[in-house]
Each structure stands twice: as structure tokens, then as C-alpha cells.
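Colleague: One structure coming up, written as C-alpha cells, with questions to follow.
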Amino acid sequence: MKMKTTYPLIISLIFLLSCQTSQKPALREGKFYTEVALTPPMGWNSYNCFGAAVVESEVRANADFMAKHLKNYGWQYVVIDYCWYYPHPPKSVQENPPQFNLPQDGAPVPWMPMDEYGRLLPDPRKFPSSVNGHGFNPIADYIHSLGLKFGIHLMRGIARQAIWLNTPVKGVEGIKASMIADTNSICTWLNLMYGVDMTKKGAQDYYNSLFELYASWDVDFVKVDNINAGEGEGPYRKEEAEAYRKAIDHCGRPMVLSFSSGLSYENAEHIRKYGNMWRISSDFWDTWEQLKAQFPLCAQWAHISAPKSWPDADMLPIGNLRLRGPFGKPGKSNFTIEEQYTHMTLWSIFRSPLMIGGNLPDADELLLKLITNEKVLEVNQHAENSREVFNENDQVIWMADVPGTRDKYVALFNLGEEPKEIGFAFSNFKLSNKYKVRDLWKKKDIGTFENELKVTVPFHGARLYKFSE
């Protein structure tokens, strides 16, 4: 998921050992994944504003804002992104933070908090409430007390330091970490993990043990990274994708299973069977070139969308970004105002999961307009049969059905470099000849139209309408 970077020299070698796991004894009984992600998940993810270095106070502050200002609009997940176990030195914002091997014995440093079964634990400096075996329980309990749900990011596989220490696999006598690791299966941009060889005895037990731990932490959402490296860097790991689903089913706690990144369409049928959401591109950031490139991907994947399985166009890089990583200078989104509306309009009518990337306590009027429009969010959550119906000369039109009615949602996009008049002839799309039209972003009716709607759309801009007979 993360962009490649050259690793700088880490001057201080930090050794942190945490050998206790959560003491919560019983896993919660409940229904399995069939009751999660019935609509595209909506929430906040720490990556776009804090990279690998988010800390507990920032997670709680974003949860507080969501509970106070966004929960009533359907926003509910608060997700800690990658490297929550990595012991960044104070003030470090190193992205894709590496481990190094000591020359004498090959020991990996810095050492990450890990229990006796090779399961990584939260770094106590970043997450002070995790000490004394509490793990993420205190944060999860706090987020749940706000009426929200809690999620974490996972790197595929098993920690390399678990192989070096050769920790036992929980629940399988005689099986050690080195016996299930696939040391040829690596992530090219983060060297902390090896893949797991699912043909080996104990491999599924290892993944089961992970999710037993996460269930004891009351986790509601897991984002599994490097399941497909993308851009020619590695294959789609089907067996491990299946292992994550089996582990969730085994643990007895409903969790949204999100896969990243850049899943190929050729694996659509498999990934939709095992994942609740999955990335259809590499990392998406706030550039017009990347936004424009999402249009053909969304058009390709739209028909796959269904309750419990959602193609994911990636996070929403809007608001205040890059406060402490992952790269670039801190500041507001580089998208223009029109591009931000185009971004939200496409994600909404495509029905992508919506994960806000900006720091919520810094939200300005524009960000709040983008994420609190009830009728636009209704398109994302409840539209049916979303599809691209026209794409020519940088003019793109999407349509979707309004459930239980003959009404339609219509989105007009101008991907060109100058304002354009876009005509939407009803007969070309087998529609009735007369509609009352409401502008969903402006929250007002614009009139009744016969046979055709013509509207001038600014360059890089979008319009989103509801057509009612």
C-alpha cells in the first residue's frame, strides 16, 4: 500500500519487549461476517495525515470529532493504519520504517513489541493505554463508548523477528514460526514480515491465533495489506486471503475484512468471496492525474458491488493531510474545490467505501460540506445498479437506480481542461421523457425537464442529480 522509499540510518536502536497479551479470557459469541458491510463502510483512517506514526491521543481526538459531528450521518469506523507496533523514536515520522539485522547474531532491530506466540502488540510509547497486557482494549472500549467501531491495519504474514526468535505457534504442539514462514514471500516496501506457507501444518492456526487476539481486543475492522503487491511486484495471495476469512470465522467476532492494494480484476470472483472490501488501485492521493485514472477502474468494477463485498477506490485525501507523514509537506488537500466535489461524487455513485484521510479536528467548512450531505451519502449507501453510461471527449456520465422507485441518480463529470456543456438526452438511456430534477450538492430543485437536461460543468468538475418522475 505504501509508497517506496529509501530507508535512512536509524541512529538509536530501540529494544522494547512486551510479553503479555490481553487478559480478557472469553471470546465474544456472535454472528459471523455475513452481518457486516451490508452497505459500503464509512469511517476515518489515520494514514493520510499521520502515516506510520499515529499516536493514541490523535486517534481519540478523531474519534471524538466523529462521534460529535459525523456519527449521525453514518460515519462509524475509526481505523489505525500501519506500523502501530513499530517503536518510532520520539518525533520520528519515518514512513515504511525498516528493521536492521545486527552483524553478530542477526537479531532484528529495533525490536517490536511481541508476545510469546509471535503476535505483534501496540507500541506502548505510541499507545500508552496498551501497557500491562491491555493491547488495544482501552482504545476499543473508548471508541465503542462513543457509539463507533474500531479498526486496525495488518501487514500480511508473520513478523520476521518471530522467525528469528522461533516462537511457538499458539495451539499447535511442536510447531514453530520458522516452520510456517515463506521467506521468499516478502513485501518490497516494508521488510518487517514474511508470508505464511499455507501448505504447512500450523499455518492456519497461526492466523487463527491472530484473530483470537484481535477478537479479545474487540476489533471490528481489519485492513490486510500486501495481499496483492500490485504494479508487478507480486501475485495475489489467494491462500492467505482465504486464511484471513477462515480466521475471522474461527474467532467468533464479526469484523469487516478489507484487502489492499491494487487488486487485479482477473481475481474479482475470488476476492469478492473472501473480502468485504478491496482496493482496486495503488495508493490514491490528491492529484488530478490519479483522480482521472480512477474513472476507468470504477467503471470496470462497479457491477461487482454488492452487500458484504465492495470494490474500494481508496481513501478520501481531503481535509488537512500529511501532518506527520507519510510524505510531503503538511497542509490542505491539493485538490481544487471542483476536484474535491468530483472525487466525492465518483466515490458516492460508484459506491466505494468512504474512509476520510484528513485530520478531523481540523475540519473546515468545505470538508464538512463534502462529508455531511445526507442525500449524497444516501447515493453511496443505498443506490442500486451504479454504472458508467457514457464516456467520450472527457465527458463522463454515471447513473444509478433509486431503490423501490423508477427514479434515477445521474452524475455528470467534466474531465477536460475547460468548462463544457454536457447534454443528457433521456431517450438515449431509455428513460421517461419528463423528470423533476434536484441538485444533490446544492440541495435544491432546479426544475422540471422534458427530453433532455443540459448543464455547463466547470473543468475537473461534477454535478450530481436525482431525477424523479
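So you can find residues: chains in the C-alpha cells are A, B, ... in the order shown, residues in each start at 1, and ligands are numbered from 1 in order.
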Got a sec: who's within 8 Å of range 204-206 of chain A, counting only C-alpha atoms, leaving out chain neighbours fewer than 4 positions off, as a ChimeraX atom specification?

Modeller: /A:169-172,198,210,243,247

Colleague: Which residues come within 8 Å of Ala462 in chain A, counting only C-alpha atoms, excluding same-chain residues fewer than 2 positions away, as an MDAnalysis selection string?

Modeller: chainID A and resid 338 341:342 345 411:414 457:458 460 464

Colleague: Write the selection just made, keeping N, CA and C atoms, as a compact mmCIF listing (two decimals), in the first residue's frame?

Modeller:
# COMPACT_ATOMS: atom_id res chain seq x y z
N GLU A 338 -13.42 22.16 -7.02
CA GLU A 338 -14.18 21.38 -8.01
C GLU A 338 -13.71 19.93 -8.03
N TYR A 341 -15.21 17.96 -5.18
CA TYR A 341 -16.59 17.55 -5.46
C TYR A 341 -16.63 16.40 -6.46
N THR A 342 -15.75 16.43 -7.45
CA THR A 342 -15.67 15.31 -8.41
C THR A 342 -15.27 14.03 -7.68
N THR A 345 -18.18 12.82 -5.60
CA THR A 345 -19.29 12.38 -6.45
C THR A 345 -19.01 11.02 -7.05
N ALA A 411 -24.94 11.44 -12.48
CA ALA A 411 -23.74 12.24 -12.22
C ALA A 411 -23.09 12.62 -13.54
N LEU A 412 -22.79 13.90 -13.70
CA LEU A 412 -22.14 14.42 -14.90
C LEU A 412 -20.74 14.88 -14.52
N PHE A 413 -19.74 14.45 -15.27
CA PHE A 413 -18.35 14.79 -14.97
C PHE A 413 -17.71 15.44 -16.19
N ASN A 414 -16.95 16.50 -15.95
CA ASN A 414 -16.14 17.13 -16.98
C ASN A 414 -14.68 16.93 -16.63
N VAL A 457 -20.70 22.33 -16.95
CA VAL A 457 -19.92 21.80 -15.84
C VAL A 457 -18.51 22.37 -15.91
N PRO A 458 -18.00 22.96 -14.85
CA PRO A 458 -16.63 23.51 -14.87
C PRO A 458 -15.60 22.43 -15.11
N HIS A 460 -12.77 19.85 -14.61
CA HIS A 460 -12.46 18.98 -13.47
C HIS A 460 -13.63 18.92 -12.48
N LEU A 464 -24.29 16.28 -9.49
CA LEU A 464 -24.98 15.07 -9.05
C LEU A 464 -26.46 15.40 -8.85

Colleague: When you draw a straight line from CA of Trp44 in chain A to CA of Gly357 in chain A, how long is it in Å?

Modeller: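 Atom-to-atom, CA of Trp44 in chain A and CA of Gly357 in chain A are spaced 6.3 Å apart.
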
Colleague: Counting only C-alpha atoms, figure out which residue out of A:Leu192, A:Leu154, A:Val402, A:Leu263 gets nearest to Tyr244 in chain A.

Modeller: A:Leu154

Colleague: Based on DSSP run over this structure's backbone, return all residues of range 242-422 of chain A in strand (DSSP E), as a ChimeraX atom specification.

Modeller: /A:256-259,277-279,310-312,320-321,331-332,354-356,384-392,395-401,408-414,420-422

Colleague: Which range 56-84 of chain A residues have any atom within 10 Å of an atom of range 110-129 of chain A, and for each, what is the nearest pair of atoms with distance in Å to one decimal, counting only C-alpha atoms, rows sorted by chain and number, as CSV?

Modeller:
residue,atom,partner,partner_atom,distance
A:Glu56,CA,A:Phe127,CA,4.9
A:Ser57,CA,A:Phe127,CA,8.2
A:Glu58,CA,A:Lys126,CA,9.9
A:Val59,CA,A:Phe127,CA,9.6
A:Cys83,CA,A:Pro122,CA,8.7
A:Trp84,CA,A:Pro122,CA,5.5

Colleague: Go ahead and dump the residues you just picked, C-alpha atoms, as a short mmCIF file (atom, residue, chain, number, x, y, z; two decimals), in the first residue's frame.

Modeller:
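Saved file result.cif follows:
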data_model
loop_
_atom_site.label_atom_id
_atom_site.label_comp_id
_atom_site.auth_asym_id
_atom_site.auth_seq_id
_atom_site.Cartn_x
_atom_site.Cartn_y
_atom_site.Cartn_z
CA GLU A 56 -3.23 7.31 20.83
CA SER A 57 -4.20 10.92 21.56
CA GLU A 58 -4.69 11.59 17.85
CA VAL A 59 -6.84 8.50 17.39
CA CYS A 83 3.01 0.08 11.99
CA TRP A 84 1.16 0.59 15.28
#

Colleague: For Arg322 in chain A, find every residue with an atom within 8 Å (counting only C-alpha atoms), except residues of its own chain fewer than 5 positions away, and show them as a list in words.

Modeller: Asn48, Cys49, Phe50, Gly51, Phe327, Gly328, Lys329, Pro330 and Gly331 of chain A

Colleague: Any chance you could export the current selection's C-alpha atoms as an mmCIF file, in the first residue's frame?

Modeller:
data_model
loop_
_atom_site.group_PDB
_atom_site.id
_atom_site.type_symbol
_atom_site.label_atom_id
_atom_site.label_comp_id
_atom_site.auth_asym_id
_atom_site.auth_seq_id
_atom_site.Cartn_x
_atom_site.Cartn_y
_atom_site.Cartn_z
ATOM 1 C CA ASN A 48 -3.247 10.185 5.071
ATOM 2 C CA CYS A 49 -2.488 12.522 7.961
ATOM 3 C CA PHE A 50 -0.205 10.535 10.280
ATOM 4 C CA GLY A 51 1.414 7.845 8.132
ATOM 5 C CA PHE A 327 5.474 12.132 2.843
ATOM 6 C CA GLY A 328 5.308 15.686 1.538
ATOM 7 C CA LYS A 329 4.527 18.894 3.341
ATOM 8 C CA PRO A 330 1.634 19.215 5.792
ATOM 9 C CA GLY A 331 -1.363 21.119 4.543
#

Colleague: Which value, in Å to one decimal, gives the distance between CA of Asp314 in chain A and CA of Phe335 in chain A?

Modeller: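 For CA of Asp314 in chain A relative to CA of Phe335 in chain A, the distance reads 15.5 Å.
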
Colleague: Would you kindly return, as JSON, numbers by chain, each protein, DNA or RNA residue with an atom no farther than 10 Å from any atom of Lys442 in chain A, considering only C-alpha atoms and excluding same-chain residues fewer than 6 positions away?

Modeller: {"A": [373, 463, 464, 465]}

Colleague: Those same residues, written as a PDB file, in the first residue's frame with C-alpha atoms?

Modeller:
ATOM      1  CA  ASN A 373     -24.525  15.886   2.763  1.00  0.00           C
ATOM      2  CA  ARG A 463     -22.796  17.575 -10.876  1.00  0.00           C
ATOM      3  CA  LEU A 464     -24.982  15.068  -9.054  1.00  0.00           C
ATOM      4  CA  TYR A 465     -28.750  14.946  -9.547  1.00  0.00           C
TER       5      TYR A 465
END
